[in-house]
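Asks: Pasting upload-v8.txt below, which is compact mmCIF, C-alpha atoms (C1' of nucleotides).
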```
# COMPACT_ATOMS: atom_id res chain seq x y z
CA MET A 1 -69.63 62.38 7.72
CA THR A 2 -70.72 59.54 9.97
CA ALA A 3 -67.61 58.34 11.72
CA ASN A 4 -67.46 54.69 10.88
CA LEU A 5 -68.44 51.83 13.11
CA ASP A 6 -64.97 50.34 13.12
CA SER A 7 -63.39 53.35 14.76
CA VAL A 8 -66.28 53.88 17.15
CA PHE A 9 -66.36 50.31 18.40
CA LEU A 10 -62.59 50.25 18.59
CA ALA A 11 -62.62 53.47 20.59
CA ILE A 12 -65.04 52.12 23.18
CA ALA A 13 -63.26 48.77 23.42
CA ASP A 14 -60.80 50.23 25.91
CA PRO A 15 -61.63 50.82 29.60
CA THR A 16 -59.64 54.04 29.82
CA ARG A 17 -61.52 55.51 26.91
CA ARG A 18 -64.88 54.37 28.24
CA ALA A 19 -63.95 56.03 31.53
CA ILE A 20 -63.18 59.26 29.68
CA LEU A 21 -66.58 59.20 28.00
CA SER A 22 -68.23 58.41 31.30
CA ARG A 23 -66.52 61.41 32.88
CA LEU A 24 -67.52 63.65 29.98
CA ALA A 25 -71.13 62.59 30.42
CA GLU A 26 -71.09 64.79 33.54
CA GLY A 27 -69.90 67.77 31.55
CA PRO A 28 -66.91 69.17 29.66
CA ALA A 29 -63.50 68.87 31.28
CA ARG A 30 -59.90 69.84 30.71
CA ILE A 31 -57.53 67.16 29.46
CA SER A 32 -55.03 67.53 32.30
CA ASP A 33 -57.71 67.42 34.97
CA MET A 34 -59.20 64.30 33.45
CA ALA A 35 -55.81 62.66 33.09
CA ALA A 36 -54.83 63.08 36.73
CA PRO A 37 -56.57 59.98 38.17
CA PHE A 38 -55.19 57.67 35.49
CA PRO A 39 -52.02 55.73 36.18
CA MET A 40 -50.30 56.73 32.98
CA SER A 41 -48.36 59.61 31.50
CA LEU A 42 -50.14 62.64 30.10
CA THR A 43 -48.74 61.72 26.68
CA GLY A 44 -50.30 58.28 26.92
CA PHE A 45 -53.58 59.78 28.01
CA CYS A 46 -53.56 62.21 25.07
CA LYS A 47 -53.24 59.28 22.68
CA HIS A 48 -56.50 57.92 24.02
CA VAL A 49 -58.08 61.32 23.56
CA ARG A 50 -56.94 61.34 19.96
CA MET A 51 -58.55 57.98 19.31
CA LEU A 52 -61.80 59.29 20.72
CA GLU A 53 -61.50 62.33 18.48
CA ARG A 54 -60.85 60.20 15.41
CA ALA A 55 -64.03 58.28 16.20
CA GLY A 56 -65.89 61.59 16.54
CA LEU A 57 -66.81 60.87 20.15
CA VAL A 58 -65.33 64.00 21.67
CA ARG A 59 -65.02 67.60 20.61
CA ARG A 60 -62.05 69.70 21.61
CA THR A 61 -62.05 73.41 22.39
CA ARG A 62 -58.74 75.16 22.83
CA ARG A 63 -58.59 78.28 24.94
CA GLY A 64 -55.04 79.37 25.41
CA ARG A 65 -53.01 76.43 26.58
CA GLU A 66 -56.04 74.61 27.92
CA ASN A 67 -57.86 71.99 25.90
CA THR A 68 -61.40 71.29 26.98
CA LEU A 69 -63.18 68.18 25.83
CA GLU A 70 -66.86 67.59 25.57
CA LEU A 71 -68.86 64.54 24.69
CA SER A 72 -70.11 64.16 21.14
CA ALA A 73 -72.36 61.17 21.42
CA LYS A 74 -73.80 60.98 17.91
CA PRO A 75 -71.50 58.23 16.67
CA LEU A 76 -72.81 56.17 19.57
CA ARG A 77 -76.24 56.42 18.02
CA ASP A 78 -74.99 54.53 14.99
CA ALA A 79 -73.30 52.01 17.27
CA ALA A 80 -76.53 51.57 19.21
CA GLY A 81 -78.38 51.18 15.93
CA TRP A 82 -76.13 48.37 14.83
CA VAL A 83 -76.25 46.54 18.14
CA SER A 84 -80.01 46.87 18.48
CA GLY A 85 -80.38 44.98 15.22
CA TYR A 86 -79.62 41.92 17.34
CA GLU A 87 -82.04 42.76 20.10
CA ARG A 88 -84.51 40.07 19.14
CA PHE A 89 -81.82 37.45 19.73
CA TRP A 90 -81.54 38.24 23.39
CA ALA A 91 -85.10 39.44 23.97
CA SER A 92 -87.23 36.85 22.20
CA ARG A 93 -89.00 33.82 23.59
CA LEU A 94 -86.90 31.81 21.17
CA ASP A 95 -83.79 33.06 22.87
CA ARG A 96 -85.06 32.18 26.31
CA LEU A 97 -85.73 28.70 24.99
CA GLU A 98 -82.23 28.61 23.61
CA ALA A 99 -80.86 29.77 26.96
CA PHE A 100 -82.80 27.01 28.67
CA PHE A 101 -81.15 24.35 26.55
CA ALA A 102 -77.77 25.97 27.00
CA VAL A 103 -78.12 25.68 30.77
CA LYS A 104 -79.38 22.10 30.47
CA LYS A 105 -76.36 21.21 28.37
CA GLU A 106 -74.01 22.75 30.92
CA ASN A 107 -75.60 20.68 33.65
CA LEU A 108 -75.04 17.51 31.67
CA GLN A 109 -71.32 18.05 31.29
CA MET B 110 -69.67 34.68 33.22
CA THR B 111 -70.50 37.87 31.36
CA ALA B 112 -67.92 38.19 28.61
CA ASN B 113 -66.36 41.57 29.16
CA LEU B 114 -67.10 44.73 27.23
CA ASP B 115 -63.54 45.08 25.99
CA SER B 116 -63.59 41.82 24.07
CA VAL B 117 -67.14 42.34 22.82
CA PHE B 118 -66.54 45.83 21.47
CA LEU B 119 -63.21 44.75 20.03
CA ALA B 120 -64.91 41.81 18.34
CA ILE B 121 -67.52 43.96 16.65
CA ALA B 122 -64.99 46.63 15.66
CA ASP B 123 -64.08 44.62 12.57
CA PRO B 124 -66.23 44.51 9.40
CA THR B 125 -65.49 40.87 8.69
CA ARG B 126 -66.66 39.86 12.14
CA ARG B 127 -69.76 42.05 11.93
CA ALA B 128 -70.53 40.36 8.62
CA ILE B 129 -70.20 36.97 10.27
CA LEU B 130 -72.66 37.95 12.97
CA SER B 131 -74.99 39.38 10.38
CA ARG B 132 -74.89 36.10 8.48
CA LEU B 133 -75.51 34.11 11.65
CA ALA B 134 -78.56 36.24 12.40
CA GLU B 135 -80.21 34.31 9.56
CA GLY B 136 -79.39 31.01 11.19
CA PRO B 137 -76.53 28.66 12.04
CA ALA B 138 -73.93 28.00 9.37
CA ARG B 139 -70.81 25.97 8.76
CA ILE B 140 -67.48 27.73 9.01
CA SER B 141 -66.28 26.79 5.52
CA ASP B 142 -69.53 27.84 3.89
CA MET B 143 -69.42 31.15 5.65
CA ALA B 144 -65.77 31.70 4.79
CA ALA B 145 -66.23 31.21 1.05
CA PRO B 146 -67.33 34.76 0.11
CA PHE B 147 -64.51 36.41 2.06
CA PRO B 148 -61.33 37.34 0.26
CA MET B 149 -59.02 35.70 2.75
CA SER B 150 -57.65 32.30 3.63
CA LEU B 151 -59.68 29.88 5.70
CA THR B 152 -57.03 30.13 8.41
CA GLY B 153 -57.46 33.89 8.54
CA PHE B 154 -61.20 33.50 8.67
CA CYS B 155 -60.93 31.02 11.56
CA LYS B 156 -58.99 33.58 13.55
CA HIS B 157 -61.94 35.93 13.31
CA VAL B 158 -64.21 33.14 14.44
CA ARG B 159 -62.00 32.55 17.45
CA MET B 160 -62.21 36.21 18.43
CA LEU B 161 -65.98 36.02 18.26
CA GLU B 162 -65.89 32.91 20.42
CA ARG B 163 -63.64 34.55 22.98
CA ALA B 164 -66.15 37.39 23.20
CA GLY B 165 -68.94 34.85 23.66
CA LEU B 166 -70.74 36.01 20.53
CA VAL B 167 -70.88 32.66 18.76
CA ARG B 168 -71.34 29.09 19.85
CA ARG B 169 -69.66 26.25 18.02
CA THR B 170 -71.04 22.77 17.49
CA ARG B 171 -68.77 20.11 16.07
CA ARG B 172 -70.28 17.20 14.22
CA GLY B 173 -67.59 15.11 12.66
CA ARG B 174 -65.28 17.36 10.72
CA GLU B 175 -67.88 20.10 10.36
CA ASN B 176 -68.05 23.04 12.72
CA THR B 177 -71.35 24.83 12.84
CA LEU B 178 -71.62 28.28 14.34
CA GLU B 179 -74.66 29.92 15.79
CA LEU B 180 -75.21 33.38 17.13
CA SER B 181 -75.01 33.93 20.86
CA ALA B 182 -76.20 37.49 21.21
CA LYS B 183 -76.27 37.90 24.98
CA PRO B 184 -72.96 39.76 25.24
CA LEU B 185 -74.48 42.27 22.84
CA ARG B 186 -77.10 43.00 25.46
CA ASP B 187 -74.38 44.25 27.78
CA ALA B 188 -72.86 46.24 24.95
CA ALA B 189 -76.25 47.75 24.16
CA GLY B 190 -76.70 48.51 27.84
CA TRP B 191 -73.46 50.43 27.99
CA VAL B 192 -74.13 52.39 24.82
CA SER B 193 -77.69 53.25 25.75
CA GLY B 194 -76.36 54.99 28.85
CA TYR B 195 -75.47 57.77 26.43
CA GLU B 196 -78.79 57.86 24.68
CA ARG B 197 -79.88 61.11 26.28
CA PHE B 198 -76.89 62.81 24.67
CA TRP B 199 -78.11 62.18 21.19
CA ALA B 200 -81.83 62.11 21.90
CA SER B 201 -82.40 65.06 24.20
CA ARG B 202 -83.57 68.57 23.42
CA LEU B 203 -80.28 69.68 24.90
CA ASP B 204 -78.45 67.70 22.28
CA ARG B 205 -80.47 69.14 19.45
CA LEU B 206 -79.64 72.56 20.83
CA GLU B 207 -76.02 71.57 20.96
CA ALA B 208 -76.25 70.32 17.40
CA PHE B 209 -77.78 73.61 16.36
CA PHE B 210 -74.84 75.55 17.72
CA ALA B 211 -72.41 73.10 16.21
CA VAL B 212 -73.89 73.74 12.77
CA LYS B 213 -73.91 77.47 13.39
CA LYS B 214 -70.25 77.34 14.32
CA GLU B 215 -69.45 75.38 11.17
CA ASN B 216 -71.15 78.01 9.06
CA LEU B 217 -69.08 80.73 10.65
CA GLN B 218 -65.77 79.14 9.80
C1' DG C 219 -39.34 88.75 32.63
C1' DC C 220 -39.46 84.18 34.10
C1' DA C 221 -40.91 79.96 36.05
C1' DA C 222 -44.63 76.91 36.05
C1' DT C 223 -48.33 74.75 33.43
C1' DA C 224 -50.79 72.47 29.28
C1' DG C 225 -50.21 69.78 25.78
C1' DT C 226 -47.73 67.86 21.46
C1' DG C 227 -44.28 65.36 18.61
C1' DA C 228 -40.75 62.08 17.93
C1' DA C 229 -38.49 58.05 19.00
C1' DC C 230 -38.78 53.92 21.02
C1' DC C 231 -40.76 49.44 22.89
C1' DA C 232 -43.71 45.18 23.68
C1' DA C 233 -47.84 42.99 22.65
C1' DA C 234 -51.82 42.19 19.83
C1' DA C 235 -54.40 42.29 15.40
C1' DG C 236 -54.92 40.76 10.89
C1' DG C 237 -53.14 38.44 7.50
C1' DT C 238 -50.22 34.76 4.99
C1' DT C 239 -48.34 29.76 3.86
C1' DC C 240 -47.40 25.12 4.91
C1' DA C 241 -47.94 20.96 7.28
C1' DC C 242 -50.93 18.39 9.72
C1' DT C 243 -55.18 15.69 11.86
C1' DA C 244 -59.67 14.06 11.47
C1' DT C 245 -63.55 12.76 9.06
C1' DT C 246 -66.23 11.43 5.20
C1' DG C 247 -67.84 9.94 0.44
C1' DC C 248 -67.38 6.68 -2.73
C1' DG D 249 -58.87 1.84 1.17
C1' DC D 250 -58.10 6.27 -0.42
C1' DA D 251 -58.73 10.81 -2.00
C1' DA D 252 -61.11 14.90 -0.92
C1' DT D 253 -62.88 17.95 2.65
C1' DA D 254 -63.02 20.64 7.21
C1' DG D 255 -60.51 22.80 10.17
C1' DT D 256 -56.25 23.66 13.31
C1' DG D 257 -51.44 24.86 14.67
C1' DA D 258 -47.12 26.88 13.99
C1' DA D 259 -44.24 30.07 12.02
C1' DC D 260 -43.86 34.23 9.99
C1' DC D 261 -44.87 39.16 8.52
C1' DT D 262 -46.67 44.04 8.78
C1' DT D 263 -49.47 47.42 11.06
C1' DT D 264 -51.71 49.14 15.05
C1' DT D 265 -52.28 49.66 20.15
C1' DG D 266 -50.92 51.15 24.33
C1' DG D 267 -47.46 52.60 26.74
C1' DT D 268 -42.90 55.06 27.88
C1' DT D 269 -39.34 59.18 28.02
C1' DC D 270 -37.45 63.38 26.44
C1' DA D 271 -37.46 67.62 24.17
C1' DC D 272 -40.18 71.14 22.73
C1' DT D 273 -43.89 75.10 22.04
C1' DA D 274 -47.17 78.04 23.79
C1' DT D 275 -49.50 80.19 27.35
C1' DT D 276 -50.20 82.06 31.84
C1' DG D 277 -49.58 83.67 36.74
C1' DC D 278 -47.08 86.44 39.43
```
With the file now loaded, output its structure as structure tokens.
Replies:
Amino acid sequence: MTANLDSVFLAIADPTRRAILSRLAEGPARISDMAAPFPMSLTGFCKHVRMLERAGLVRRTRRGRENTLELSAKPLRDAAGWVSGYERFWASRLDRLEAFFAVKKENLQ
Amino acid sequence: MTANLDSVFLAIADPTRRAILSRLAEGPARISDMAAPFPMSLTGFCKHVRMLERAGLVRRTRRGRENTLELSAKPLRDAAGWVSGYERFWASRLDRLEAFFAVKKENLQ
DNA sequence: GCAATAGTGAACCAAAAGGTTCACTATTGC
DNA sequence: GCAATAGTGAACCTTTTGGTTCACTATTGC
């Protein structure tokens, strides 16, 4: 059901795949069109697409020989949920205090 | 300066490392103490710690032979920032509409 | 009908991830 | 002083990533 966090975080740990998602945020696109700007073979590009699919981050629609991808952002909601569990550690007064001492320590070295 | 998104997302793409961060959210802890519950060698565990360090997600303090880790959540802020750029895709009316059709399509298959 | 286009699958490769064991260095408790 | 403890480094292994090329299928434009 919910694609797991491992595969989602792994999928977005690569700049090519983040670029694909970023492109799809503007709307659906064909695989070949999306692949064109990337300095790699179409086969290599398709492997990235498959990793995004496995993570549930894109949906594919085949019409004839053309494969159109569209964003499927729901797994990112789970990812955001996990990350936001740590929000207090970068947002709190405590953290700013911590940051202050971190800087002080750097200056002393 | 800002540890890059690749290494941060890669770091949190592993359940062991997410568990380490989760433990550290409760407070600093020694490496050996933290390693104990995990079904792997201390050496293996230390490799995970090093990946978290490389991503800037933990800080290490050595006192004698003991290494204490503490959470350093700032890189997660960048990660959260990236992910939240997609929030509208799971939060919007458009997305719920999209979800509606997705379910409809499933039912037709 | 046929050539061009869209994409996949298989085989291969190098590098990294995720783990192991063993030997080793420091440090500490007693 | 010495044994136990904390952790690292090196060597090794298997699986996965990220890429390639080549051959192939299916579709489409003309």
Asks: For the reference chain B, what are the coordinates of chain A after least-squares fitting (all Cα, in-order pairing), as a PDB file with C-alpha atoms, in the coordinates of the input?
Replies:
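Okay, this is what ended up in selection15.pdb:
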```pdb
ATOM      1  CA  MET A   1     -69.572  34.696  33.258  1.00  0.00           C
ATOM      2  CA  THR A   2     -70.443  37.857  31.371  1.00  0.00           C
ATOM      3  CA  ALA A   3     -67.888  38.173  28.624  1.00  0.00           C
ATOM      4  CA  ASN A   4     -66.377  41.557  29.189  1.00  0.00           C
ATOM      5  CA  LEU A   5     -67.137  44.703  27.283  1.00  0.00           C
ATOM      6  CA  ASP A   6     -63.592  45.086  26.038  1.00  0.00           C
ATOM      7  CA  SER A   7     -63.632  41.842  24.110  1.00  0.00           C
ATOM      8  CA  VAL A   8     -67.171  42.339  22.855  1.00  0.00           C
ATOM      9  CA  PHE A   9     -66.587  45.836  21.535  1.00  0.00           C
ATOM     10  CA  LEU A  10     -63.264  44.778  20.089  1.00  0.00           C
ATOM     11  CA  ALA A  11     -64.926  41.836  18.372  1.00  0.00           C
ATOM     12  CA  ILE A  12     -67.547  43.995  16.682  1.00  0.00           C
ATOM     13  CA  ALA A  13     -65.030  46.668  15.699  1.00  0.00           C
ATOM     14  CA  ASP A  14     -64.101  44.687  12.601  1.00  0.00           C
ATOM     15  CA  PRO A  15     -66.252  44.587   9.435  1.00  0.00           C
ATOM     16  CA  THR A  16     -65.514  40.938   8.715  1.00  0.00           C
ATOM     17  CA  ARG A  17     -66.665  39.930  12.154  1.00  0.00           C
ATOM     18  CA  ARG A  18     -69.768  42.097  11.975  1.00  0.00           C
ATOM     19  CA  ALA A  19     -70.534  40.429   8.647  1.00  0.00           C
ATOM     20  CA  ILE A  20     -70.199  37.015  10.284  1.00  0.00           C
ATOM     21  CA  LEU A  21     -72.658  37.990  13.002  1.00  0.00           C
ATOM     22  CA  SER A  22     -74.997  39.426  10.412  1.00  0.00           C
ATOM     23  CA  ARG A  23     -74.897  36.149   8.496  1.00  0.00           C
ATOM     24  CA  LEU A  24     -75.496  34.146  11.667  1.00  0.00           C
ATOM     25  CA  ALA A  25     -78.550  36.260  12.413  1.00  0.00           C
ATOM     26  CA  GLU A  26     -80.216  34.333   9.569  1.00  0.00           C
ATOM     27  CA  GLY A  27     -79.384  31.023  11.185  1.00  0.00           C
ATOM     28  CA  PRO A  28     -76.503  28.687  12.028  1.00  0.00           C
ATOM     29  CA  ALA A  29     -73.906  28.048   9.346  1.00  0.00           C
ATOM     30  CA  ARG A  30     -70.791  26.016   8.722  1.00  0.00           C
ATOM     31  CA  ILE A  31     -67.451  27.789   8.975  1.00  0.00           C
ATOM     32  CA  SER A  32     -66.276  26.854   5.482  1.00  0.00           C
ATOM     33  CA  ASP A  33     -69.528  27.914   3.863  1.00  0.00           C
ATOM     34  CA  MET A  34     -69.415  31.243   5.644  1.00  0.00           C
ATOM     35  CA  ALA A  35     -65.773  31.772   4.767  1.00  0.00           C
ATOM     36  CA  ALA A  36     -66.239  31.290   1.034  1.00  0.00           C
ATOM     37  CA  PRO A  37     -67.342  34.847   0.114  1.00  0.00           C
ATOM     38  CA  PHE A  38     -64.521  36.480   2.062  1.00  0.00           C
ATOM     39  CA  PRO A  39     -61.336  37.421   0.257  1.00  0.00           C
ATOM     40  CA  MET A  40     -59.032  35.769   2.739  1.00  0.00           C
ATOM     41  CA  SER A  41     -57.670  32.360   3.619  1.00  0.00           C
ATOM     42  CA  LEU A  42     -59.703  29.924   5.678  1.00  0.00           C
ATOM     43  CA  THR A  43     -57.035  30.185   8.383  1.00  0.00           C
ATOM     44  CA  GLY A  44     -57.475  33.941   8.515  1.00  0.00           C
ATOM     45  CA  PHE A  45     -61.220  33.555   8.661  1.00  0.00           C
ATOM     46  CA  CYS A  46     -60.951  31.064  11.537  1.00  0.00           C
ATOM     47  CA  LYS A  47     -58.988  33.621  13.538  1.00  0.00           C
ATOM     48  CA  HIS A  48     -61.939  35.968  13.306  1.00  0.00           C
ATOM     49  CA  VAL A  49     -64.219  33.174  14.431  1.00  0.00           C
ATOM     50  CA  ARG A  50     -62.005  32.606  17.437  1.00  0.00           C
ATOM     51  CA  MET A  51     -62.217  36.250  18.427  1.00  0.00           C
ATOM     52  CA  LEU A  52     -65.985  36.054  18.253  1.00  0.00           C
ATOM     53  CA  GLU A  53     -65.883  32.939  20.406  1.00  0.00           C
ATOM     54  CA  ARG A  54     -63.638  34.596  22.974  1.00  0.00           C
ATOM     55  CA  ALA A  55     -66.166  37.421  23.205  1.00  0.00           C
ATOM     56  CA  GLY A  56     -68.936  34.843  23.668  1.00  0.00           C
ATOM     57  CA  LEU A  57     -70.746  36.013  20.545  1.00  0.00           C
ATOM     58  CA  VAL A  58     -70.871  32.677  18.768  1.00  0.00           C
ATOM     59  CA  ARG A  59     -71.322  29.094  19.834  1.00  0.00           C
ATOM     60  CA  ARG A  60     -69.633  26.264  17.998  1.00  0.00           C
ATOM     61  CA  THR A  61     -71.008  22.775  17.442  1.00  0.00           C
ATOM     62  CA  ARG A  62     -68.723  20.145  16.002  1.00  0.00           C
ATOM     63  CA  ARG A  63     -70.231  17.251  14.115  1.00  0.00           C
ATOM     64  CA  GLY A  64     -67.543  15.179  12.535  1.00  0.00           C
ATOM     65  CA  ARG A  65     -65.236  17.441  10.613  1.00  0.00           C
ATOM     66  CA  GLU A  66     -67.844  20.158  10.281  1.00  0.00           C
ATOM     67  CA  ASN A  67     -68.009  23.080  12.666  1.00  0.00           C
ATOM     68  CA  THR A  68     -71.322  24.867  12.804  1.00  0.00           C
ATOM     69  CA  LEU A  69     -71.594  28.294  14.333  1.00  0.00           C
ATOM     70  CA  GLU A  70     -74.618  29.940  15.784  1.00  0.00           C
ATOM     71  CA  LEU A  71     -75.196  33.392  17.136  1.00  0.00           C
ATOM     72  CA  SER A  72     -75.014  33.922  20.877  1.00  0.00           C
ATOM     73  CA  ALA A  73     -76.219  37.458  21.225  1.00  0.00           C
ATOM     74  CA  LYS A  74     -76.277  37.866  25.001  1.00  0.00           C
ATOM     75  CA  PRO A  75     -72.982  39.727  25.265  1.00  0.00           C
ATOM     76  CA  LEU A  76     -74.502  42.248  22.877  1.00  0.00           C
ATOM     77  CA  ARG A  77     -77.124  42.945  25.498  1.00  0.00           C
ATOM     78  CA  ASP A  78     -74.428  44.196  27.839  1.00  0.00           C
ATOM     79  CA  ALA A  79     -72.922  46.224  25.007  1.00  0.00           C
ATOM     80  CA  ALA A  80     -76.323  47.720  24.243  1.00  0.00           C
ATOM     81  CA  GLY A  81     -76.765  48.454  27.931  1.00  0.00           C
ATOM     82  CA  TRP A  82     -73.543  50.395  28.077  1.00  0.00           C
ATOM     83  CA  VAL A  83     -74.205  52.366  24.915  1.00  0.00           C
ATOM     84  CA  SER A  84     -77.777  53.195  25.872  1.00  0.00           C
ATOM     85  CA  GLY A  85     -76.452  54.917  28.973  1.00  0.00           C
ATOM     86  CA  TYR A  86     -75.561  57.727  26.577  1.00  0.00           C
ATOM     87  CA  GLU A  87     -78.897  57.810  24.831  1.00  0.00           C
ATOM     88  CA  ARG A  88     -79.975  61.055  26.434  1.00  0.00           C
ATOM     89  CA  PHE A  89     -76.981  62.781  24.852  1.00  0.00           C
ATOM     90  CA  TRP A  90     -78.190  62.157  21.352  1.00  0.00           C
ATOM     91  CA  ALA A  91     -81.925  62.111  22.057  1.00  0.00           C
ATOM     92  CA  SER A  92     -82.459  65.112  24.313  1.00  0.00           C
ATOM     93  CA  ARG A  93     -83.594  68.607  23.453  1.00  0.00           C
ATOM     94  CA  LEU A  94     -80.306  69.754  24.930  1.00  0.00           C
ATOM     95  CA  ASP A  95     -78.470  67.733  22.347  1.00  0.00           C
ATOM     96  CA  ARG A  96     -80.489  69.150  19.494  1.00  0.00           C
ATOM     97  CA  LEU A  97     -79.601  72.589  20.794  1.00  0.00           C
ATOM     98  CA  GLU A  98     -75.986  71.549  20.915  1.00  0.00           C
ATOM     99  CA  ALA A  99     -76.229  70.229  17.359  1.00  0.00           C
ATOM    100  CA  PHE A 100     -77.703  73.537  16.269  1.00  0.00           C
ATOM    101  CA  PHE A 101     -74.723  75.455  17.583  1.00  0.00           C
ATOM    102  CA  ALA A 102     -72.339  72.929  16.104  1.00  0.00           C
ATOM    103  CA  VAL A 103     -73.823  73.528  12.660  1.00  0.00           C
ATOM    104  CA  LYS A 104     -73.773  77.297  13.193  1.00  0.00           C
ATOM    105  CA  LYS A 105     -70.107  77.121  14.114  1.00  0.00           C
ATOM    106  CA  GLU A 106     -69.320  75.100  11.000  1.00  0.00           C
ATOM    107  CA  ASN A 107     -71.030  77.705   8.866  1.00  0.00           C
ATOM    108  CA  LEU A 108     -68.917  80.443  10.389  1.00  0.00           C
ATOM    109  CA  GLN A 109     -65.628  78.795   9.525  1.00  0.00           C
TER     110      GLN A 109
END
```
Asks: My list of candidates is B:Met143, B:Leu119, B:Leu178, B:Leu166. Which is closest to chain C when distances are computed with only C-alpha atoms (C1' of nucleotides)?
Replies: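 Checking each of B:Met143, B:Leu119, B:Leu178, B:Leu166 against chain C, counting only C-alpha atoms (C1' of nucleotides), the winner is B:Leu119.
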Asks: Compile the residues of chain B that lie within 9 Å of chain A, evaluated using all atoms listed in the file, and express the compilation as number ranges by chain.
Replies: B: 114-124, 131, 134, 180-186, 188-189, 192-193, 195-200, 204
Asks: Show me, as a PyMOL selection string, every residue of chain C with an atom at most 9 Å from chain B, counting only C-alpha atoms (C1' of nucleotides).
Replies: chain C and resi 236-238+244-246
Asks: Excluding C:DA229 and residues on its chain fewer than 4 positions from it, collect all residues at most 12 Å away from it, counting all atoms listed in the file, and give them as JSON, numbers by chain.
Replies: {"D": [268, 269, 270, 271]}
Asks: With 7 Å as the cut-off and all atoms listed in the file counted, what is the closest atom pair between each nearby residue of chain D and chain A? Distances in Å to one decimal, ordered by chain and number, as a tab-separated table.
Replies:
```
residue	atom	partner	partner_atom	distance
D:DG267	C1'	A:Gly44	CA	6.4
D:DA274	C1'	A:Arg65	CA	6.7
D:DT275	C1'	A:Arg65	CA	5.2
```
Asks: What's the 12 Å shell around B:Arg169, counting all atoms listed in the file, without same-chain residues fewer than 2 positions away, as a list of chain:residue names?
Replies: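 Selected residues are B:Leu133, B:Pro137, B:Ala138, B:Arg139, B:Ile140, B:Cys155, B:Val158, B:Arg159, B:Leu161, B:Glu162, B:Arg163, B:Gly165, B:Leu166, B:Val167, B:Arg171, B:Arg172, B:Glu175, B:Asn176, B:Thr177, B:Leu178, B:Glu179, B:Leu180, B:Ser181.
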Asks: Could you please take those selected residues and save C-alpha atoms as a PDB file, keeping the file's coordinate frame?
Replies:
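Writing the result to again22.pdb gives the following:
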```pdb
ATOM      1  CA  LEU B 133     -75.510  34.110  11.650  1.00  0.00           C
ATOM      2  CA  PRO B 137     -76.530  28.660  12.040  1.00  0.00           C
ATOM      3  CA  ALA B 138     -73.930  28.000   9.370  1.00  0.00           C
ATOM      4  CA  ARG B 139     -70.810  25.970   8.760  1.00  0.00           C
ATOM      5  CA  ILE B 140     -67.480  27.730   9.010  1.00  0.00           C
ATOM      6  CA  CYS B 155     -60.930  31.020  11.560  1.00  0.00           C
ATOM      7  CA  VAL B 158     -64.210  33.140  14.440  1.00  0.00           C
ATOM      8  CA  ARG B 159     -62.000  32.550  17.450  1.00  0.00           C
ATOM      9  CA  LEU B 161     -65.980  36.020  18.260  1.00  0.00           C
ATOM     10  CA  GLU B 162     -65.890  32.910  20.420  1.00  0.00           C
ATOM     11  CA  ARG B 163     -63.640  34.550  22.980  1.00  0.00           C
ATOM     12  CA  GLY B 165     -68.940  34.850  23.660  1.00  0.00           C
ATOM     13  CA  LEU B 166     -70.740  36.010  20.530  1.00  0.00           C
ATOM     14  CA  VAL B 167     -70.880  32.660  18.760  1.00  0.00           C
ATOM     15  CA  ARG B 171     -68.770  20.110  16.070  1.00  0.00           C
ATOM     16  CA  ARG B 172     -70.280  17.200  14.220  1.00  0.00           C
ATOM     17  CA  GLU B 175     -67.880  20.100  10.360  1.00  0.00           C
ATOM     18  CA  ASN B 176     -68.050  23.040  12.720  1.00  0.00           C
ATOM     19  CA  THR B 177     -71.350  24.830  12.840  1.00  0.00           C
ATOM     20  CA  LEU B 178     -71.620  28.280  14.340  1.00  0.00           C
ATOM     21  CA  GLU B 179     -74.660  29.920  15.790  1.00  0.00           C
ATOM     22  CA  LEU B 180     -75.210  33.380  17.130  1.00  0.00           C
ATOM     23  CA  SER B 181     -75.010  33.930  20.860  1.00  0.00           C
TER      24      SER B 181
END
```
Asks: Skip C:DC248 itself and residues of its chain fewer than 6 positions away, then list as number ranges by chain all residues within 12 Å of it, counting all atoms listed in the file.
Replies: D: 249-252
Asks: Counting all atoms listed in the file, I want the residues whose atoms come within 10 Å of (-54.2, 16.3, 16.4) in the file frame, returned as a list in words.
Replies: DC242, DT243 and DA244 of chain C; DT256 and DG257 of chain D
Asks: Work out how far apart atom CA of B:Arg126 and atom C1' of D:DT265 are and give it in Å to one decimal.
Replies: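 Computing it gives 19.2 Å between the two atoms.
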Asks: For the atom pair atom C1' of D:DC260 and atom CA of B:Ala128, what is the interatomic distance in Å to one decimal place?
Replies: 27.4 Å
Asks: Quote the spacing between atom C1' of D:DC272 and atom C1' of C:DA224 in Å to one decimal place.
Replies: 12.5 Å
